[in-house]
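Student: Next comes the structure file entry_21.cif, holding mmCIF, C-alpha atoms.
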```
data_upload
loop_
_atom_site.label_atom_id
_atom_site.label_comp_id
_atom_site.auth_asym_id
_atom_site.auth_seq_id
_atom_site.Cartn_x
_atom_site.Cartn_y
_atom_site.Cartn_z
CA THR A 20 32.78 3.95 34.40
CA ALA A 21 32.18 2.74 30.87
CA PRO A 22 28.53 2.23 29.91
CA SER A 23 27.27 -1.22 29.01
CA GLY A 24 24.31 -2.23 26.93
CA GLY A 25 23.19 -4.78 24.40
CA GLY A 26 21.72 -2.64 21.62
CA VAL A 27 23.84 0.46 21.18
CA HIS A 28 26.98 1.32 23.16
CA SER A 29 28.60 4.71 22.57
CA ARG A 30 31.39 6.59 24.28
CA THR A 31 30.75 9.72 22.18
CA PRO A 32 27.63 11.84 21.66
CA LEU A 33 25.17 9.75 19.67
CA THR A 34 22.51 10.63 17.12
CA LEU A 35 20.32 7.69 16.14
CA ALA A 36 17.58 7.87 13.49
CA ASN A 37 15.58 5.53 11.24
CA SER A 38 16.74 2.55 13.29
CA VAL A 39 15.41 -0.46 15.16
CA VAL A 40 16.90 -1.36 18.55
CA TRP A 41 14.99 -4.43 19.69
CA ASN A 42 15.51 -7.68 21.68
CA ASN A 43 19.00 -6.83 22.90
CA GLY A 44 20.34 -8.41 26.05
CA GLY A 45 21.51 -5.89 28.62
CA GLY A 46 19.23 -3.05 27.58
CA SER A 47 18.80 -0.90 24.50
CA LEU A 48 21.13 2.09 24.88
CA ALA A 49 24.26 2.71 26.90
CA THR A 50 25.94 6.07 26.34
CA VAL A 51 28.14 8.43 28.30
CA ALA A 52 26.25 11.47 26.99
CA ALA A 53 22.52 11.96 26.42
CA PRO A 54 21.75 10.59 22.93
CA THR A 55 19.46 12.17 20.35
CA VAL A 56 17.06 9.49 19.14
CA THR A 57 14.39 10.13 16.51
CA HIS A 58 12.26 7.95 14.23
CA THR A 59 13.55 4.79 15.90
CA ASP A 60 11.73 1.70 17.19
CA ILE A 61 13.39 1.12 20.54
CA ALA A 62 12.44 -1.54 23.09
CA GLY A 63 11.33 0.11 26.30
CA GLY A 64 10.68 3.39 24.50
CA PHE A 65 12.72 6.56 24.26
CA SER A 66 11.64 10.20 24.18
CA GLY A 67 12.01 11.78 20.75
CA THR A 68 10.17 12.66 17.56
CA GLY A 69 8.67 9.68 15.75
CA ASN A 70 9.99 7.02 18.15
CA LEU A 71 8.11 3.75 18.60
CA ASP A 72 8.07 1.02 21.26
CA VAL A 73 6.41 -1.83 19.33
CA ASP A 74 7.45 -5.23 17.99
CA PRO A 75 9.03 -4.41 14.62
CA ALA A 76 7.75 -7.68 13.06
CA PHE A 77 11.03 -9.03 11.71
CA VAL A 78 11.00 -12.16 9.57
CA GLY A 79 12.96 -13.88 12.38
CA GLY A 80 15.70 -16.48 12.63
CA GLY A 81 18.38 -13.84 12.06
CA ASP A 82 16.50 -12.26 9.14
CA TYR A 83 15.85 -8.62 10.06
CA ARG A 84 13.75 -7.70 7.05
CA LEU A 85 10.29 -6.41 7.92
CA LEU A 86 7.13 -8.44 7.43
CA PRO A 87 4.11 -6.94 5.66
CA GLY A 88 2.14 -4.87 8.16
CA SER A 89 5.18 -3.97 10.27
CA PRO A 90 4.74 -0.67 12.13
CA CYS A 91 8.29 0.21 11.00
CA LEU A 92 7.27 0.47 7.33
CA ASP A 93 7.15 4.08 6.12
CA ALA A 94 7.83 5.29 9.69
CA GLY A 95 11.20 6.99 9.18
CA SER A 96 12.40 10.46 8.33
CA ASN A 97 13.71 11.01 4.81
CA ALA A 98 15.49 14.14 6.07
CA ALA A 99 17.46 12.04 8.59
CA LEU A 100 19.03 9.79 5.94
CA PRO A 101 22.77 10.45 5.72
CA ALA A 102 23.91 12.15 2.52
CA GLY A 103 24.74 9.64 -0.18
CA VAL A 104 22.76 6.74 1.31
CA ALA A 105 20.56 5.61 -1.57
CA THR A 106 20.25 1.86 -0.92
CA ASP A 107 19.71 -0.55 1.98
CA PHE A 108 21.98 -3.47 2.96
CA LEU A 109 20.59 -5.58 0.08
CA GLY A 110 20.94 -2.84 -2.54
CA ALA A 111 17.23 -1.91 -2.69
CA ALA A 112 16.30 1.75 -3.08
CA ARG A 113 16.34 3.25 0.41
CA ILE A 114 13.10 5.19 -0.04
CA GLN A 115 10.06 3.29 -1.31
CA ASN A 116 6.43 4.39 -1.05
CA GLY A 117 7.62 7.95 -0.37
CA THR A 118 9.02 7.45 3.16
CA VAL A 119 12.05 5.52 4.42
CA ASP A 120 11.43 2.43 6.58
CA LEU A 121 13.05 1.93 9.98
CA GLY A 122 15.93 -0.51 10.15
CA ALA A 123 18.56 -1.82 7.75
CA TYR A 124 16.22 -3.02 5.02
CA GLU A 125 13.68 -1.16 2.89
CA GLY A 126 10.37 -2.71 1.94
CA VAL A 127 8.84 -5.99 3.06
CA ALA A 128 10.14 -9.54 2.98
CA ARG A 129 8.56 -11.44 0.13
#
```
Please go through the file and, once you have read it, give me the structure as structure tokens.
Tutor:
Amino acid sequence: TAPSGGGVHSRTPLTLANSVVWNNGGGSLATVAAPTVTHTDIAGGFSGTGNLDVDPAFVGGGDYRLLPGSPCLDAGSNAALPAGVATDFLGAARIQNGTVDLGAYEGVAR
């Protein structure tokens, strides 16, 4: 049977890092093989190095940038960044303050 889930759905082995999986209907992860999850804020928690289970403090209203004081700031793994990824979805430098943030955007919403 195919897995179902609201946050991440994978039919192949999955490695997830420096991510936020939060407020997804139908659960957080659905995979056919045991995933490797590290340095990720995941609702309901997940075993793995550096994982969190806390409100990421998004701006809200469809804006997934992090607010000042978010526990996801500087909580990632620089070593887990894919080769060649130097910027976030808005073009900001991917590593600020020495350590990558969790999620799609680096730094805080201003």
Student: Which residues are close to stretch 82-87 of chain A, i.e. within 12 Å by all atoms listed in the file, leaving aside same-chain residues fewer than 5 positions away? Reply as a list of chain:residue names.
Tutor: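 Non-adjacent residues within range: A:Ser38, A:Val39, A:Val40, A:Trp41, A:Asn42, A:Asp74, A:Pro75, A:Ala76, A:Phe77, A:Leu92, A:Asp93, A:Asp107, A:Phe108, A:Leu109, A:Ala111, A:Asp120, A:Leu121, A:Gly122, A:Ala123, A:Tyr124, A:Glu125, A:Gly126, A:Val127, A:Ala128, A:Arg129.
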Student: Write out, as a CSV table (one decimal), keeping the file's coordinate frame, the residues just selected, with C-alpha atoms.
Tutor:
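New file part-v5.csv:
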```csv
chain,number,residue,atom,x,y,z
A,38,SER,CA,16.7,2.6,13.3
A,39,VAL,CA,15.4,-0.5,15.2
A,40,VAL,CA,16.9,-1.4,18.6
A,41,TRP,CA,15.0,-4.4,19.7
A,42,ASN,CA,15.5,-7.7,21.7
A,74,ASP,CA,7.4,-5.2,18.0
A,75,PRO,CA,9.0,-4.4,14.6
A,76,ALA,CA,7.8,-7.7,13.1
A,77,PHE,CA,11.0,-9.0,11.7
A,92,LEU,CA,7.3,0.5,7.3
A,93,ASP,CA,7.2,4.1,6.1
A,107,ASP,CA,19.7,-0.6,2.0
A,108,PHE,CA,22.0,-3.5,3.0
A,109,LEU,CA,20.6,-5.6,0.1
A,111,ALA,CA,17.2,-1.9,-2.7
A,120,ASP,CA,11.4,2.4,6.6
A,121,LEU,CA,13.0,1.9,10.0
A,122,GLY,CA,15.9,-0.5,10.2
A,123,ALA,CA,18.6,-1.8,7.8
A,124,TYR,CA,16.2,-3.0,5.0
A,125,GLU,CA,13.7,-1.2,2.9
A,126,GLY,CA,10.4,-2.7,1.9
A,127,VAL,CA,8.8,-6.0,3.1
A,128,ALA,CA,10.1,-9.5,3.0
A,129,ARG,CA,8.6,-11.4,0.1
```
Student: When distances are computed from all atoms listed in the file, which of A:Ala112, A:Val27, A:Ala98, A:Leu33 shows the smallest separation from A:His58?
Tutor: A:Ala98
Student: Scan for residues within 12 Å of the point (15.6, 0.6, 26.7) in the coordinates of the file, using all atoms listed in the file, and reply as a list in words.
Tutor: Gly24, Gly25, Gly26, Val27, His28, Val39, Val40, Trp41, Asn42, Asn43, Gly44, Gly45, Gly46, Ser47, Leu48, Ala49, Thr50, Val56, Thr59, Asp60, Ile61, Ala62, Gly63, Gly64, Phe65, Ser66, Leu71 and Asp72 of chain A
Student: Which one is closest to A:Asn116: A:Asn37, A:Asn70, A:Asn97, A:Thr57? Count only C-alpha atoms.
Tutor: A:Asn97
Student: In Å, rounded to a single decimal, give me how far atom CA of A:Val51 is from atom CA of A:Arg30.
Tutor: 5.5 Å
Student: So which one's closest to A:Ser89, A:Ala102, A:Arg113, A:Leu35, A:Val73? Using all atoms listed in the file, please.
Tutor: A:Val73
Student: Go through A:Gly95, A:Gly117, A:Pro101, A:Gly81 one by one, measure the shortest atom-to-atom distance of each to A:Thr68 using only C-alpha atoms, and give the residue with the smallest value.
Tutor: A:Gly95
Student: State, in Å with one decimal place, the distance from atom CA of A:Thr34 to atom CA of A:Val78.
Tutor: 26.6 Å
Student: To one decimal place, how far is atom CA of A:Gly79 from atom CA of A:Leu100 in Å?
Tutor: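 Between these atoms lies a distance of 25.3 Å.
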